[in-house]
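First up is the structure itself, then whatever we jot down about it.
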Amino acid sequence: LWRFGYSARLLKTNHFRTAASNTSFPAVWMLLARYSGRIPGVFVVVKKSRFFTMPETVEDKTTLELYSPHPQVRGMTLLNREAFKRTVVVPVLKVKKEMVNTLLKSLKHTVLQRPGLKRVVEDPEDEDSRLVILDPHKIPEFSLGESEREVLKQLDVCSEVSKYNLELTYENFKSEEILRAVLPEGQEVTSGFSRVGHIAHLNLRDHQLQYRHLIGQVIIDKNPGISCVVNKTSIIDSTYRNFEMEVLAGESNLVTKVKENNIAYELDFSKVYWNPRLSTEHGRIIELLKPGDVLFDVFAGVGPFAIPAAKKGCHVFANDLNPESYNWLLHNCKLNKVDNKIKAFNMDGRDFLLGPVREELSKELPLLKEAQKTSFHIVMNLPALAVEFLDVFRHLLAGEPCSTASLPTVHCYGFSKHDDPAKDIQERAEASLGTSLDGRCSTYLVRNVAPNKEMLCISFQIPAEVLYKRPCPDEAKPASKRLCTSKDFSEENL
């Protein structure tokens, strides 16, 4: 009570103490309202001082039944839709046919608003009348409030509330309500999934596995367009970034078509990596690119960075070690008519950086003039391992840069369970590069992968002292035979 600022004088009055000791908890608050003139925000006052707590505190058997399948389905592992049938009693108003639409508009906050359930049914006793079903949450005692009765009086409609036996079937319940009724009480219910074309992808917990086929079928039934449900059965393989999966329900066709940022991709979900939760991140990186820029996609997958970059007018070099990803990358390049704009490779990421990337940078960077605005971007989307590849950039090129502005920008992804994930990924990147990135990098939180596990992207221009090694004079050796150390090559001397 002290939290709401009520004075000690009020709390100590004999009248208040006596009334409070003989009154239920809500009534105590009403006494406070009478004395103080205000009521805590969790409560509201309506006309005639009618007093309601928050809706979840009101437990009415009828309203609970309206949103709950029959109790006998508890523990079901093989879906039996007929078992979900039940009849519940709901409040209805009898009204003439010609007044139905007017009544629905006038009592729109009181009439039942539940997808899949009719709000108006025929009156079995009078063909000229209809029964309008009211929301049991709003009419828990089968009696209308004063404001509703006033509306009906103005419409010349009888305000008497009748009871109606409403039959509910499997089709009337939402997937979460069905699964909550089936699984043991108190256990977590999985109704969310990732959608990949016609495939729903689940990550079920151990306690849900015995219900997995039922869960899969419910998801198909309740989500138009879903015809296959799979469950991940292992962690993502770090080599090819795919995982084992089990088909829980529906067809076993795992070749699917998806659309992301207005670009279509086709893929075999069982053999390549695809995560629909990364669409925003793919779009963010593409926004950083300009027509004419060069993109090196080290772990390209089926092309969610490479293909939109090519369509934007960038020169793209895309690589993936997984032969299946490489083949689907080629397929999607043709599908999107950018196969002549993307050079694709099926190599280890390290070999790709040491080979095609180094070759292209060695050829193009010396040709850049100060006025040219071509940028080079290197995307490394392999969060489990990408940071470990950054050491490849140490002295990757020989000579010296024509300008610091032309240095390639790296976008490297990683996971972190650290209390300060941004600091963690920066320190790990610095350890691989062998230099500090303070003031030279930015980190972006991509998404929360799991409790206490974040996916981040660290972006930075590769420091010149890291990327280049160059010949330099030495008193003991000819200039052509001596290489500078990283200490000799500093930004101050560029």
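Labeling convention for the structure tokens: chains A, B, ... as they appear, residues from 1 per chain, ligands from 1 in order of appearance.
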
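Residue neighbourhood of region 386-397 of chain A, excluding near-sequence residues (fewer than 2 positions): Gly349, Arg350, Leu353, Leu354, Arg358, Leu361, Ser362, Met380, Asn381, Leu382, Pro383, Ala384, Gly399, Cys412, Tyr413, Gly414, Arg428, Ala429, Ser432, Leu433, Gly434, Ile462, Glu465, Val466, Leu467, Tyr468 and Lys469 of chain A, at 8 Å, using only C-alpha atoms.
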
For this session: Please identify which residues in region 153-260 of chain A DSSP calls strand (DSSP E or B) from the backbone, and express them as a count of residues only.
Result: 32

For this session: Determine the nearest neighbour of Asn322 (chain A) from the options A:Leu267, A:Leu183, A:Val272, A:Leu335, counting only C-alpha atoms.
Result: A:Val272

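Remark: for Lys174 (chain A), the closest of the candidate residues A:Met455, A:Val89, A:Leu117, A:Ile199 is A:Leu117 (distances computed over only C-alpha atoms).
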
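One distance worth recording is that between CA of Ala405 (chain A) and CA of Ala431 (chain A), which is 23.6 Å.
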
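Comparing the minimum interatomic distances between Gly313 (chain A) and each of A:Ile342, A:Ile285, A:Cys158, A:Val410, counting only C-alpha atoms, we find that A:Ile342 sits nearest.
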
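With CA of Ser129 (chain A) on one side and CA of Glu171 (chain A) on the other, the separation reads 26.9 Å.
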
Could you name the residues that touch Glu324 (chain A) at 9 Å or less, counting only C-alpha atoms, but leaving out those on the same chain fewer than 6 positions away, as a PDB file with N, CA and C atoms, in the first residue's frame?
ATOM      1  N   TYR A 240      29.127 -28.335 -43.683  1.00  0.00           N
ATOM      2  CA  TYR A 240      28.203 -28.003 -44.762  1.00  0.00           C
ATOM      3  C   TYR A 240      26.994 -27.193 -44.303  1.00  0.00           C
ATOM      4  N   LEU A 267      15.620 -24.759 -53.468  1.00  0.00           N
ATOM      5  CA  LEU A 267      16.632 -25.465 -52.694  1.00  0.00           C
ATOM      6  C   LEU A 267      16.078 -26.766 -52.139  1.00  0.00           C
ATOM      7  N   ASP A 268      16.987 -27.648 -51.787  1.00  0.00           N
ATOM      8  CA  ASP A 268      16.637 -28.877 -51.060  1.00  0.00           C
ATOM      9  C   ASP A 268      16.937 -28.615 -49.590  1.00  0.00           C
ATOM     10  N   LYS A 271      19.480 -30.603 -47.550  1.00  0.00           N
ATOM     11  CA  LYS A 271      20.884 -30.697 -47.946  1.00  0.00           C
ATOM     12  C   LYS A 271      21.635 -29.371 -47.926  1.00  0.00           C
ATOM     13  N   VAL A 272      20.922 -28.250 -47.786  1.00  0.00           N
ATOM     14  CA  VAL A 272      21.579 -26.941 -47.755  1.00  0.00           C
ATOM     15  C   VAL A 272      21.068 -26.141 -46.573  1.00  0.00           C
ATOM     16  N   GLY A 301      26.191 -20.172 -49.574  1.00  0.00           N
ATOM     17  CA  GLY A 301      24.961 -20.946 -49.542  1.00  0.00           C
ATOM     18  C   GLY A 301      24.316 -20.981 -50.918  1.00  0.00           C
ATOM     19  N   VAL A 302      23.001 -20.797 -50.972  1.00  0.00           N
ATOM     20  CA  VAL A 302      22.291 -20.832 -52.258  1.00  0.00           C
ATOM     21  C   VAL A 302      22.162 -19.439 -52.872  1.00  0.00           C
TER      22      VAL A 302
END

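Put simply, CA of Leu407 (chain A) is 27.3 Å away from CA of Ser279 (chain A).
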
For this session: Considering only C-alpha atoms, return as a list in words whatever protein or nucleic-acid residues lie within 6 Å of region 77-84 of chain A, sequence-local ones (same chain, fewer than 3 positions apart) excluded.
Result: Pro69, His70, Thr169, Tyr170, Tyr211 and Leu214 of chain A

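Here the question is which of A:Leu166, A:Ile133, A:Val379, A:Ala264 gets nearest to Asn319 (chain A) using only C-alpha atoms, and that residue is A:Val379.
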
Exercise. Nearest to Val95 (chain A): which of A:Val247, A:Leu321, A:Val121, A:Val189 is it, counting only C-alpha atoms?
Worked result: A:Val121

Exercise. Hey, what does DSSP flag as helix (DSSP H, G or I) within region 180-277 of chain A? Can you give it to me as a PyMOL selection string?
Worked result: chain A and resi 180-182+206-222+276-277

Problem set entry | Residues within 9 Å of Asn203 (chain A), only C-alpha atoms, excluding chain neighbours under 5 positions, as a ChimeraX atom specification | /A:190,193,230-233

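Ranking A:Asn346, A:Ser270, A:Tyr265, A:Thr110 by their shortest atom-to-atom distance to Cys333 (chain A), with only C-alpha atoms included, puts A:Tyr265 first.
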
For this session: For Leu107 (chain A), please output as a list in words all residues within 9 Å (counting only C-alpha atoms; exclusion window: fewer than 4 positions along the same chain).
Result: Thr102, Leu103, Val111, Glu148, Val151 and Leu152 of chain A
